Every structure is written in structure tokens, then in C-alpha cells.
$ cat query_29.txt   # compact mmCIF, C-alpha atoms and all ligand atoms
# COMPACT_ATOMS: atom_id res chain seq x y z
CA MET A 144 34.81 47.52 -30.06
CA ASP A 145 38.17 45.83 -30.07
CA SER A 146 38.26 42.08 -30.53
CA GLU A 147 39.38 41.40 -26.95
CA LEU A 148 36.33 43.23 -25.56
CA LEU A 149 34.02 41.42 -27.97
CA ARG A 150 35.51 38.05 -26.98
CA ARG A 151 34.97 38.83 -23.29
CA ALA A 152 31.38 40.01 -23.88
CA ILE A 153 30.56 36.77 -25.74
CA GLY A 154 32.26 34.70 -23.03
CA TYR A 155 30.27 36.51 -20.35
CA ALA A 156 26.97 35.98 -22.23
CA ILE A 157 27.69 32.26 -22.67
CA GLU A 158 28.56 31.89 -18.97
CA ARG A 159 25.34 33.67 -17.98
CA LYS A 160 23.32 31.36 -20.21
CA ARG A 161 25.09 28.29 -18.74
CA VAL A 162 24.32 29.40 -15.17
CA GLU A 163 20.70 30.06 -16.13
CA VAL A 164 20.31 26.59 -17.76
CA GLU A 165 21.92 24.95 -14.72
CA ARG A 166 19.53 26.81 -12.40
CA LEU A 167 16.51 25.66 -14.46
CA ASN A 168 17.78 22.06 -14.48
CA LEU A 169 18.23 22.19 -10.73
CA LEU A 170 14.70 23.55 -10.29
CA ALA A 171 13.25 20.81 -12.53
CA ARG A 172 15.14 18.10 -10.61
CA GLU A 173 13.93 19.54 -7.31
CA ARG A 174 10.31 19.58 -8.58
CA GLU A 175 10.67 15.95 -9.75
CA ALA A 176 12.13 14.89 -6.38
CA ARG A 177 9.33 16.65 -4.54
CA ALA A 178 6.66 15.02 -6.74
CA ALA A 179 8.28 11.59 -6.19
CA ALA A 180 8.39 12.15 -2.40
CA GLU A 181 4.75 13.28 -2.39
CA GLY A 182 3.79 10.24 -4.52
CA ALA A 183 5.60 7.92 -2.09
CA LEU A 184 3.78 9.50 0.86
CA ARG A 185 0.43 9.11 -0.91
CA THR A 186 1.20 5.45 -1.67
CA ARG A 187 2.23 4.89 1.96
CA ASP A 188 -1.01 6.46 3.19
CA GLN A 189 -3.10 4.37 0.76
CA VAL A 190 -1.32 1.19 1.82
CA LEU A 191 -1.73 2.06 5.52
CA SER A 192 -5.42 2.72 5.04
CA THR A 193 -6.04 -0.50 3.04
CA VAL A 194 -4.05 -2.63 5.48
CA SER A 195 -5.75 -1.17 8.56
CA HIS A 196 -9.09 -1.73 6.88
CA ASP A 197 -8.21 -5.37 6.03
CA LEU A 198 -6.96 -6.03 9.57
CA ARG A 199 -10.30 -4.98 11.01
CA THR A 200 -11.96 -8.02 9.40
CA PRO A 201 -10.26 -10.79 11.44
CA ILE A 202 -10.29 -8.71 14.61
CA ALA A 203 -14.00 -7.95 14.24
CA ALA A 204 -14.60 -11.68 13.60
CA ILE A 205 -12.75 -12.61 16.81
CA GLY A 206 -14.96 -10.18 18.78
CA LEU A 207 -18.12 -11.47 17.13
CA TYR A 208 -17.39 -15.18 17.71
CA ALA A 209 -16.17 -14.53 21.26
CA ARG A 210 -19.55 -12.93 22.03
CA ALA A 211 -21.29 -15.89 20.35
CA LEU A 212 -19.18 -18.19 22.60
CA GLN A 213 -20.37 -16.33 25.69
CA ALA A 214 -23.96 -16.68 24.52
CA SER A 215 -23.59 -20.40 23.75
CA ARG A 216 -24.24 -21.54 27.36
CA HIS A 217 -21.40 -24.09 27.14
CA GLN A 218 -23.16 -26.20 24.53
CA ALA A 219 -20.19 -28.31 23.42
CA ASP A 220 -20.78 -28.41 19.63
CA VAL A 221 -21.54 -24.67 19.40
CA VAL A 222 -18.48 -23.85 21.54
CA ASP A 223 -16.37 -25.96 19.18
CA VAL A 224 -17.55 -24.20 16.03
CA HIS A 225 -16.99 -20.71 17.47
CA ALA A 226 -13.61 -21.64 18.92
CA GLN A 227 -12.49 -22.87 15.47
CA ARG A 228 -13.67 -19.63 13.86
CA ILE A 229 -11.82 -17.55 16.47
CA SER A 230 -8.68 -19.50 15.91
CA LYS A 231 -8.94 -19.12 12.09
CA ALA A 232 -9.52 -15.35 12.38
CA ALA A 233 -6.51 -15.06 14.73
CA ARG A 234 -4.36 -17.01 12.22
CA ASP A 235 -5.52 -14.74 9.36
CA GLY A 236 -4.73 -11.60 11.37
CA LEU A 237 -1.29 -12.90 12.36
CA GLU A 238 -0.55 -13.85 8.75
CA MET A 239 -1.41 -10.28 7.60
CA ILE A 240 0.96 -8.86 10.22
CA GLN A 241 3.67 -11.37 9.25
CA GLU A 242 3.31 -10.29 5.59
CA LEU A 243 3.72 -6.64 6.60
CA LEU A 244 6.81 -7.49 8.67
CA ASP A 245 8.29 -9.34 5.67
CA VAL A 246 7.52 -6.39 3.37
CA ALA A 247 9.15 -3.96 5.84
CA ARG A 248 12.27 -6.14 6.14
CA LEU A 249 12.57 -6.69 2.38
CA GLY A 250 11.93 -2.97 1.77
CA MET A 251 14.83 -2.10 4.08
CA GLY A 252 17.03 -4.51 2.12
CA GLN A 253 17.13 -7.03 4.98
CA GLU A 254 16.85 -10.76 4.45
CA ILE A 255 13.99 -12.88 5.74
CA ASP A 256 14.67 -16.33 7.17
CA LEU A 257 12.60 -19.08 5.58
CA GLU A 258 11.14 -21.70 7.91
CA LEU A 259 11.71 -24.76 5.78
CA ARG A 260 9.72 -27.94 6.41
CA ARG A 261 8.59 -30.93 4.38
CA LEU A 262 5.09 -30.43 2.97
CA ASP A 263 2.74 -31.54 0.24
CA LEU A 264 2.20 -28.64 -2.17
CA SER A 265 -0.95 -30.18 -3.66
CA ALA A 266 -2.60 -30.34 -0.23
CA LEU A 267 -1.56 -26.74 0.52
CA VAL A 268 -3.04 -25.55 -2.80
CA ARG A 269 -6.28 -27.49 -2.12
CA GLU A 270 -6.58 -25.72 1.26
CA ALA A 271 -5.97 -22.31 -0.35
CA VAL A 272 -8.55 -23.02 -3.09
CA ILE A 273 -11.22 -23.94 -0.51
CA GLU A 274 -10.51 -20.73 1.43
CA GLN A 275 -10.56 -18.55 -1.68
CA GLN A 276 -13.74 -20.22 -2.92
CA GLN A 277 -15.38 -19.06 0.34
CA ASN A 278 -14.22 -15.48 -0.31
CA ALA A 279 -15.39 -15.56 -3.94
CA PRO A 280 -18.34 -17.98 -4.04
CA GLU A 281 -19.55 -16.70 -7.41
CA HIS A 282 -16.36 -17.79 -9.23
CA LEU A 283 -15.96 -21.32 -10.55
CA MET A 284 -12.61 -22.61 -9.32
CA ARG A 285 -11.41 -25.71 -11.14
CA SER A 286 -8.36 -27.61 -9.92
CA ALA A 287 -6.29 -30.23 -11.69
CA GLY A 288 -3.50 -32.38 -10.26
CA ASP A 289 -4.34 -34.14 -7.03
CA ALA A 290 -1.21 -36.28 -6.66
CA ALA A 291 0.88 -35.34 -3.64
CA ILE A 292 4.01 -33.28 -4.38
CA TRP A 293 6.33 -33.40 -1.39
CA GLY A 294 9.14 -30.87 -1.06
CA ILE A 295 10.95 -28.66 1.42
CA TRP A 296 9.38 -25.20 1.55
CA ASP A 297 8.23 -22.46 3.95
CA ARG A 298 4.58 -23.37 4.50
CA ALA A 299 3.16 -19.99 5.59
CA ARG A 300 5.00 -18.02 2.94
CA VAL A 301 4.24 -20.40 0.05
CA LYS A 302 0.61 -20.39 1.18
CA ARG A 303 0.69 -16.59 0.99
CA VAL A 304 2.02 -16.76 -2.60
CA VAL A 305 -0.74 -19.19 -3.61
CA ALA A 306 -3.45 -17.22 -1.77
CA ASN A 307 -2.44 -13.97 -3.48
CA LEU A 308 -2.49 -15.57 -6.95
CA LEU A 309 -5.95 -17.00 -6.27
CA SER A 310 -7.20 -13.73 -4.80
CA ASN A 311 -5.88 -11.79 -7.82
CA ALA A 312 -7.47 -14.29 -10.24
CA THR A 313 -10.90 -13.73 -8.67
CA LYS A 314 -10.49 -10.02 -7.85
CA TYR A 315 -9.51 -9.11 -11.41
CA SER A 316 -12.10 -11.24 -13.22
CA PRO A 317 -15.89 -11.00 -13.40
CA ALA A 318 -18.21 -12.90 -11.07
CA GLY A 319 -19.32 -16.13 -12.71
CA SER A 320 -16.06 -16.60 -14.61
CA GLN A 321 -13.73 -19.57 -14.17
CA VAL A 322 -10.31 -19.87 -12.56
CA TRP A 323 -8.14 -22.89 -13.42
CA ILE A 324 -5.54 -24.10 -10.94
CA SER A 325 -3.07 -26.85 -11.66
CA VAL A 326 -0.18 -28.34 -9.71
CA SER A 327 2.29 -30.72 -11.31
CA ARG A 328 5.85 -32.02 -11.22
CA GLU A 329 8.31 -31.07 -13.93
CA ALA A 330 11.55 -32.96 -14.53
CA ALA A 331 14.01 -30.12 -15.15
CA ALA A 332 17.66 -30.49 -16.09
CA LYS A 333 19.09 -29.54 -12.68
CA GLU A 334 16.46 -30.73 -10.20
CA PRO A 335 12.75 -31.60 -10.23
CA LEU A 336 10.34 -28.68 -10.00
CA ALA A 337 6.84 -28.23 -8.63
CA VAL A 338 4.78 -26.12 -11.04
CA LEU A 339 1.68 -24.21 -9.98
CA SER A 340 -0.35 -22.39 -12.57
CA VAL A 341 -3.36 -20.13 -12.01
CA ARG A 342 -5.33 -18.96 -15.04
CA ASP A 343 -8.26 -16.54 -15.16
CA GLU A 344 -10.42 -15.09 -17.89
CA GLY A 345 -10.45 -11.60 -16.44
CA LEU A 346 -9.13 -8.09 -17.12
CA GLY A 347 -5.63 -9.05 -18.15
CA ILE A 348 -2.82 -6.56 -17.64
CA PRO A 349 -2.06 -3.64 -20.01
CA GLU A 350 1.22 -4.15 -21.87
CA ALA A 351 2.81 -1.06 -20.31
CA ASP A 352 2.15 -2.36 -16.78
CA VAL A 353 3.36 -5.95 -17.28
CA PRO A 354 7.06 -5.20 -16.59
CA ARG A 355 6.11 -3.35 -13.37
CA ILE A 356 3.61 -5.63 -11.62
CA PHE A 357 6.38 -7.14 -9.47
CA ASP A 358 7.51 -3.65 -8.33
CA TRP A 359 6.48 -2.74 -4.79
CA TYR A 360 3.11 -0.93 -4.67
CA HIS A 361 2.65 -0.90 -8.46
CA ARG A 362 -0.93 -1.49 -9.63
CA ALA A 363 -1.99 -1.58 -13.29
CA GLY A 364 -4.02 1.23 -14.82
CA ASN A 365 -7.11 -0.95 -15.33
CA VAL A 366 -7.81 -2.00 -11.70
CA GLY A 367 -10.69 0.48 -11.33
CA ASN A 368 -11.99 0.56 -7.77
CA ARG A 369 -10.83 -2.95 -6.84
CA LYS A 370 -9.03 -2.75 -3.49
CA GLY A 371 -5.35 -3.65 -3.20
CA THR A 372 -1.96 -2.45 -2.01
CA GLY A 373 0.30 -3.72 -4.78
CA ILE A 374 2.49 -5.72 -2.39
CA GLY A 375 1.12 -9.23 -3.04
CA LEU A 376 3.10 -10.07 -6.19
CA SER A 377 6.26 -8.16 -5.20
CA GLY A 378 6.47 -10.06 -1.91
CA SER A 379 5.59 -13.32 -3.68
CA LEU A 380 8.40 -12.92 -6.20
CA ARG A 381 10.96 -12.41 -3.37
CA ILE A 382 9.64 -15.44 -1.49
CA VAL A 383 9.72 -17.65 -4.58
CA GLN A 384 13.22 -16.44 -5.46
CA LEU A 385 14.42 -17.16 -1.90
CA HIS A 386 13.27 -20.75 -2.54
CA GLY A 387 15.32 -20.75 -5.79
CA GLY A 388 12.18 -20.59 -7.95
CA SER A 389 10.56 -18.26 -10.49
CA ILE A 390 7.22 -16.63 -11.40
CA GLU A 391 6.11 -16.05 -14.99
CA VAL A 392 3.08 -14.23 -16.33
CA GLU A 393 1.30 -14.51 -19.66
CA THR A 394 -1.42 -11.94 -20.12
CA ARG A 395 -3.26 -9.75 -22.59
CA GLU A 396 -5.50 -6.85 -21.63
CA GLY A 397 -9.11 -8.01 -21.83
CA ALA A 398 -8.16 -11.65 -22.38
CA GLY A 399 -7.16 -12.98 -18.94
CA SER A 400 -3.90 -13.92 -17.27
CA THR A 401 -1.91 -17.02 -16.40
CA PHE A 402 0.63 -16.94 -13.59
CA THR A 403 3.08 -19.84 -13.33
CA VAL A 404 5.22 -20.47 -10.25
CA ARG A 405 8.12 -22.94 -10.37
CA LEU A 406 9.64 -24.14 -7.10
CA PRO A 407 12.59 -26.53 -6.88
CA ILE A 408 11.70 -29.71 -5.02
CA ARG A 409 14.28 -30.56 -2.41
CA GLU A 410 13.17 -33.80 -0.82
N1 LIG B 501 -4.88 -12.03 -12.38
C1 LIG B 501 -4.70 -10.74 -12.64
N2 LIG B 501 -5.44 -10.11 -13.59
C2 LIG B 501 -5.27 -8.80 -13.87
N3 LIG B 501 -4.37 -8.01 -13.24
C3 LIG B 501 -3.61 -8.57 -12.28
C4 LIG B 501 -3.73 -9.95 -11.93
N4 LIG B 501 -2.84 -10.21 -10.95
C5 LIG B 501 -2.21 -9.06 -10.70
N5 LIG B 501 -2.65 -8.06 -11.49
C6 LIG B 501 -2.16 -6.67 -11.54
O1 LIG B 501 -0.93 -6.62 -10.85
C7 LIG B 501 -1.01 -5.68 -9.77
C8 LIG B 501 -0.15 -6.16 -8.61
O2 LIG B 501 -0.74 -7.32 -8.00
P1 LIG B 501 -0.56 -7.55 -6.44
O3 LIG B 501 -1.16 -8.84 -6.08
O4 LIG B 501 0.87 -7.30 -6.13
O5 LIG B 501 -1.34 -6.31 -5.80
P2 LIG B 501 -2.89 -6.07 -5.49
O6 LIG B 501 -3.70 -7.28 -5.80
O7 LIG B 501 -3.25 -4.81 -6.17
O8 LIG B 501 -2.87 -5.79 -3.91
P3 LIG B 501 -2.49 -6.81 -2.73
O9 LIG B 501 -1.18 -6.29 -2.22
O10 LIG B 501 -3.59 -6.63 -1.77
O11 LIG B 501 -2.36 -8.18 -3.30
C9 LIG B 501 -2.49 -5.59 -9.45
O12 LIG B 501 -2.81 -4.37 -8.80
C10 LIG B 501 -3.10 -5.68 -10.85
O13 LIG B 501 -2.98 -4.46 -11.51
MG MG B 502 -3.02 -9.19 -4.92

$ encode --input "query_29.txt" --output "C-alpha cells" --more "lines below"
Ligand SMILES: Nc1ncnc2c1ncn2[C@@H]1O[C@H](COP(=O)(O)OP(=O)(O)OP(=O)(O)O)[C@@H](O)[C@H]1O
Ligand SMILES: [Mg+2]
Amino acid sequence: MDSELLRRAIGYAIERKRVEVERLNLLAREREARAAAEGALRTRDQVLSTVSHDLRTPIAAIGLYARALQASRHQADVVDVHAQRISKAARDGLEMIQELLDVARLGMGQEIDLELRRLDLSALVREAVIEQQQNAPEHLMRSAGDAAIWGIWDRARVKRVVANLLSNATKYSPAGSQVWISVSREAAAKEPLAVLSVRDEGLGIPEADVPRIFDWYHRAGNVGNRKGTGIGLSGSLRIVQLHGGSIEVETREGAGSTFTVRLPIRE
């Protein structure tokens, strides 16, 4: 074979190989994209199912207490108690829907407008602790720092951040264990900060998951069958950042977790 023919044959073989490799790469990328799309659909379905399930609780409560109201024969004190329960269940349901609306907006890259008002963070945390203690009566919740800390924040959204930290601390730790909550003021270089810390002696978070717990829908590998959607912390981080603050986590698998939120105080 003359050298020109040989050169062409080698060139042809190389080109064929290159096309083949490119085709395989393309196939692999397509398979990856399909798996990612299927994973996203599964996550969406899981989130939809958990959220719909959670929303049934306040709505069922409203129905139940409304029927109790009807049966109360206008006895003033009974009417009062049931009316308060209905109004609390309605607030809970609305708050869940508001959280979903925030998640949808943030997920589409849109901003959310904070509703800033002057409030006492210590009082808000006390309220959240009482509510969470009712949801997890077997946990011992210990609070420190009663002094009022006034600042300008979005009440409903900060309450959501606190409620999710408390719910995580009890959900991911065994019944009978303790949860420590503290609220304090920190004099930082730029401006004073309110510092909330929530510590539990529960599961902790595996090292590989720690960098991802603030990603939308990410849940650590050790959650077992505990229910959740993986939106609590991701939404919380955005809310805290919109206030100019930060969230930090210290954790070790099997040895509990401490979450610390810092919020600038703008009086
Ligand atoms: N205190 C904690 N102890 C152990 N793991 C935690 C703790 N807090 C959060 N995590 C881990 O971080 C993940 C994300 O938390 P996040 O609050 O965003 O979601 P979730 O609790 O699973 O669901 P939800 O959206 O209902 O709050 C959890 O699924 C869990 O794996
Ligand atoms: Mg949570």
C-alpha cells in the first residue's frame, strides 16, 4: 500500500473512532439528563404529597372545631375556646400556603418583599417554643435569654425560620432528649446582632450532607422515615439573608447539631 493510502486509512479510522466516542458521550449525557429530570419529578411528587398531607391537618381541625361550635349551644366560654382554635388552625394553614408561595417565587428567581415591623425577637421565640412543645411534648425544651430584643424584622417569616429550627431539633432527635434554645444580643463591629441558637442531641448530619442541607429539597441520608420536604432550611437561609443575616451549623453524625442564626438589629 502506498503511504498516501495508508495515511488516509489511518485518518479515516481515527475519524470513525472520534464519531463513535462523541456518540457515546452524547448518549451518556442524555441518560444523565433523563435521570435528573426523573429525579426532579419524583422530588416534586414527594413534596406535593407531603405538603397536601400537612395541609389536611389545619383544615381538618377547622372542620372539627366548627362542628364542636355548632354543638356548643352558644355557651360563651366553649364558643370562645373553639373560635380560638379555629382561628389558630386557619393561621397555620395560611402560613403553610405563604411558605409555598415564597418557595415558588424564590425557585423562579423572583424576589420576595419582606414586611418589616418592629418586634421583640425573644417574645417571638418564646411563642414558637410553646407551640413546638405542644407538637413534641416528650422533648425537654430549655430556653435561655428572656430579655427583650427589639429589632426591625418580618414577623411571619422570622417565625417560620425559628419554627423550622425547633421542629428539626425535635424531629431529628429521640423522644425524651433535650433541646436548648438561646436568644442574645451580640455587639458586632458594624451593627448589633440578635443571635438565636438551637441545639439538639439528636442524629446529627453526615459530613457529606452538611454542605447540601441548604439546597432546595435536599435531605440527609440518615433521616429514615421522618417526614419532610427539604424546603425548611433552604427557605430559611434566603429569608435570613434578605434580612442581612446568616445561618451557621455545627454538627457531627450521632452527636447532635447546633444551628445559629444571626440577624442585624435595626432599631
Ligand atoms: N437538627 C437537625 N438534626 C439532624 N439533621 C437535620 C437537622 N436539621 C436539619 N437536618 C437535615 O437537613 C435536612 C434539611 O432540613 P429542612 O428543614 O430543610 O427539611 P426537612 O426538615 O426535611 O423538611 P421541611 O421542609 O418539612 O422542614 C433535613 O432533611 C435533615 O436531613
Ligand atoms: Mg425542617

$ closest_atom_pairs --input "query_29.txt" --of "chain A" --to "ligand MG 502 (chain B)" --cutoff "12 Å" --atoms "all atoms listed in the file" --output "CSV"
residue,atom,partner,partner_atom,distance
A:Arg303,CA,B:MG502,MG,10.2
A:Val304,CA,B:MG502,MG,9.4
A:Val305,CA,B:MG502,MG,10.3
A:Ala306,CA,B:MG502,MG,8.6
A:Asn307,CA,B:MG502,MG,5.0
A:Leu308,CA,B:MG502,MG,6.7
A:Leu309,CA,B:MG502,MG,8.5
A:Ser310,CA,B:MG502,MG,6.2
A:Asn311,CA,B:MG502,MG,4.8
A:Ala312,CA,B:MG502,MG,8.6
A:Thr313,CA,B:MG502,MG,9.8
A:Lys314,CA,B:MG502,MG,8.1
A:Tyr315,CA,B:MG502,MG,9.2
A:Ile356,CA,B:MG502,MG,10.1
A:Phe357,CA,B:MG502,MG,10.6
A:Trp359,CA,B:MG502,MG,11.5
A:Tyr360,CA,B:MG502,MG,10.3
A:His361,CA,B:MG502,MG,10.6
A:Arg362,CA,B:MG502,MG,9.3
A:Ala363,CA,B:MG502,MG,11.4
A:Val366,CA,B:MG502,MG,11.0
A:Arg369,CA,B:MG502,MG,10.2
A:Lys370,CA,B:MG502,MG,8.9
A:Gly371,CA,B:MG502,MG,6.3
A:Thr372,CA,B:MG502,MG,7.4
A:Gly373,CA,B:MG502,MG,6.4
A:Ile374,CA,B:MG502,MG,7.0
A:Gly375,CA,B:MG502,MG,4.5
A:Leu376,CA,B:MG502,MG,6.3
A:Ser377,CA,B:MG502,MG,9.3
A:Gly378,CA,B:MG502,MG,10.0
A:Ser379,CA,B:MG502,MG,9.6

$ write_last_selection --input "query_29.txt" --atoms "C-alpha atoms" --output "PDB file, in the frame of the given file"
ATOM      1  CA  ARG A 303       0.690 -16.590   0.990  1.00  0.00           C
ATOM      2  CA  VAL A 304       2.020 -16.760  -2.600  1.00  0.00           C
ATOM      3  CA  VAL A 305      -0.740 -19.190  -3.610  1.00  0.00           C
ATOM      4  CA  ALA A 306      -3.450 -17.220  -1.770  1.00  0.00           C
ATOM      5  CA  ASN A 307      -2.440 -13.970  -3.480  1.00  0.00           C
ATOM      6  CA  LEU A 308      -2.490 -15.570  -6.950  1.00  0.00           C
ATOM      7  CA  LEU A 309      -5.950 -17.000  -6.270  1.00  0.00           C
ATOM      8  CA  SER A 310      -7.200 -13.730  -4.800  1.00  0.00           C
ATOM      9  CA  ASN A 311      -5.880 -11.790  -7.820  1.00  0.00           C
ATOM     10  CA  ALA A 312      -7.470 -14.290 -10.240  1.00  0.00           C
ATOM     11  CA  THR A 313     -10.900 -13.730  -8.670  1.00  0.00           C
ATOM     12  CA  LYS A 314     -10.490 -10.020  -7.850  1.00  0.00           C
ATOM     13  CA  TYR A 315      -9.510  -9.110 -11.410  1.00  0.00           C
ATOM     14  CA  ILE A 356       3.610  -5.630 -11.620  1.00  0.00           C
ATOM     15  CA  PHE A 357       6.380  -7.140  -9.470  1.00  0.00           C
ATOM     16  CA  TRP A 359       6.480  -2.740  -4.790  1.00  0.00           C
ATOM     17  CA  TYR A 360       3.110  -0.930  -4.670  1.00  0.00           C
ATOM     18  CA  HIS A 361       2.650  -0.900  -8.460  1.00  0.00           C
ATOM     19  CA  ARG A 362      -0.930  -1.490  -9.630  1.00  0.00           C
ATOM     20  CA  ALA A 363      -1.990  -1.580 -13.290  1.00  0.00           C
ATOM     21  CA  VAL A 366      -7.810  -2.000 -11.700  1.00  0.00           C
ATOM     22  CA  ARG A 369     -10.830  -2.950  -6.840  1.00  0.00           C
ATOM     23  CA  LYS A 370      -9.030  -2.750  -3.490  1.00  0.00           C
ATOM     24  CA  GLY A 371      -5.350  -3.650  -3.200  1.00  0.00           C
ATOM     25  CA  THR A 372      -1.960  -2.450  -2.010  1.00  0.00           C
ATOM     26  CA  GLY A 373       0.300  -3.720  -4.780  1.00  0.00           C
ATOM     27  CA  ILE A 374       2.490  -5.720  -2.390  1.00  0.00           C
ATOM     28  CA  GLY A 375       1.120  -9.230  -3.040  1.00  0.00           C
ATOM     29  CA  LEU A 376       3.100 -10.070  -6.190  1.00  0.00           C
ATOM     30  CA  SER A 377       6.260  -8.160  -5.200  1.00  0.00           C
ATOM     31  CA  GLY A 378       6.470 -10.060  -1.910  1.00  0.00           C
ATOM     32  CA  SER A 379       5.590 -13.320  -3.680  1.00  0.00           C
TER      33      SER A 379
END

$ closest_residue --input "query_29.txt" --among "A:Arg395, A:Arg151, A:Arg248, A:Arg261" --to "ligand LIG 501 (chain B)" --atoms "only C-alpha atoms and all ligand atoms"
A:Arg395

$ atom_distance --input "query_29.txt" --atom1 "atom CA of A:Val404" --atom2 "atom CA of A:Val383"
7.8 Å

$ closest_residue --input "query_29.txt" --among "A:Ile295, A:Leu336, A:Ile202, A:Ile324" --to "A:Arg409" --atoms "all atoms listed in the file"
A:Ile295

$ residues_around --input "query_29.txt" --residues "A:Arg269" --least-positions-apart "6" --cutoff "12 Å" --atoms "only C-alpha atoms" --output "PyMOL selection string"
chain A and resi 263+275-276+284-291+302+305-306+309+324-326+339

$ write_last_selection --input "query_29.txt" --atoms "C-alpha atoms" --output "short mmCIF file (atom, residue, chain, number, x, y, z; two decimals), in the coordinates of the input"
data_model
loop_
_atom_site.label_atom_id
_atom_site.label_comp_id
_atom_site.auth_asym_id
_atom_site.auth_seq_id
_atom_site.Cartn_x
_atom_site.Cartn_y
_atom_site.Cartn_z
CA ASP A 263 2.74 -31.54 0.24
CA GLN A 275 -10.56 -18.55 -1.68
CA GLN A 276 -13.74 -20.22 -2.92
CA MET A 284 -12.61 -22.61 -9.32
CA ARG A 285 -11.41 -25.71 -11.14
CA SER A 286 -8.36 -27.61 -9.92
CA ALA A 287 -6.29 -30.23 -11.69
CA GLY A 288 -3.50 -32.38 -10.26
CA ASP A 289 -4.34 -34.14 -7.03
CA ALA A 290 -1.21 -36.28 -6.66
CA ALA A 291 0.88 -35.34 -3.64
CA LYS A 302 0.61 -20.39 1.18
CA VAL A 305 -0.74 -19.19 -3.61
CA ALA A 306 -3.45 -17.22 -1.77
CA LEU A 309 -5.95 -17.00 -6.27
CA ILE A 324 -5.54 -24.10 -10.94
CA SER A 325 -3.07 -26.85 -11.66
CA VAL A 326 -0.18 -28.34 -9.71
CA LEU A 339 1.68 -24.21 -9.98
#

$ closest_residue --input "query_29.txt" --among "A:Glu238, A:Asp343, A:Glu147, A:Glu281" --to "ligand LIG 501 (chain B)" --atoms "all atoms listed in the file"
A:Asp343

$ atom_distance --input "query_29.txt" --atom1 "atom CA of A:Glu254" --atom2 "atom CA of A:Gln384"
12.0 Å

$ residues_around --input "query_29.txt" --residues "stretch 209-213 of chain A" --least-positions-apart "3" --cutoff "8 Å" --atoms "only C-alpha atoms" --output "PyMOL selection string"
chain A and resi 205-206+216-217+221-222+225-226+229

$ atom_distance --input "query_29.txt" --atom1 "atom CA of A:Asn365" --atom2 "atom CA of A:Ile390"
21.6 Å

$ closest_residue --input "query_29.txt" --among "A:Val338, A:Glu344, A:Met239, A:Gly388" --to "A:Thr193" --atoms "only C-alpha atoms"
A:Met239

$ closest_residue --input "query_29.txt" --among "A:Ser340, A:Leu257, A:Gly345, A:Ala398" --to "A:Ile382" --atoms "all atoms listed in the file"
A:Leu257

$ closest_residue --input "query_29.txt" --among "A:Gly154, A:Pro349, A:Gly182, A:Gly294" --to "ligand LIG 501 (chain B)" --atoms "only C-alpha atoms and all ligand atoms"
A:Pro349

$ residues_near_point --input "query_29.txt" --point "(9.7, -24.3, 8.1)" --cutoff "7 Å" --atoms "all atoms listed in the file" --output "tab-separated table (two decimals) with C-alpha atoms, in the coordinates of the input"
chain	number	residue	atom	x	y	z
A	257	LEU	CA	12.60	-19.08	5.58
A	258	GLU	CA	11.14	-21.70	7.91
A	259	LEU	CA	11.71	-24.76	5.78
A	260	ARG	CA	9.72	-27.94	6.41
A	296	TRP	CA	9.38	-25.20	1.55
A	297	ASP	CA	8.23	-22.46	3.95
A	298	ARG	CA	4.58	-23.37	4.50

$ axis_aligned_box --input "query_29.txt" --around "ligand LIG 501 (chain B)" --padding-each-side "8 Å" --output "lines of an AutoDock Vina configuration file"
center_x = -2.3
center_y = -8.2
center_z = -7.8
size_x = 22.3
size_y = 23.7
size_z = 28.1

$ residues_around --input "query_29.txt" --residues "A:Gly319" --least-positions-apart "2" --cutoff "8 Å" --atoms "all atoms listed in the file" --output "tab-separated table (two decimals) with C-alpha atoms, in the coordinates of the input"
chain	number	residue	atom	x	y	z
A	281	GLU	CA	-19.55	-16.70	-7.41
A	282	HIS	CA	-16.36	-17.79	-9.23
A	283	LEU	CA	-15.96	-21.32	-10.55
A	317	PRO	CA	-15.89	-11.00	-13.40
A	321	GLN	CA	-13.73	-19.57	-14.17
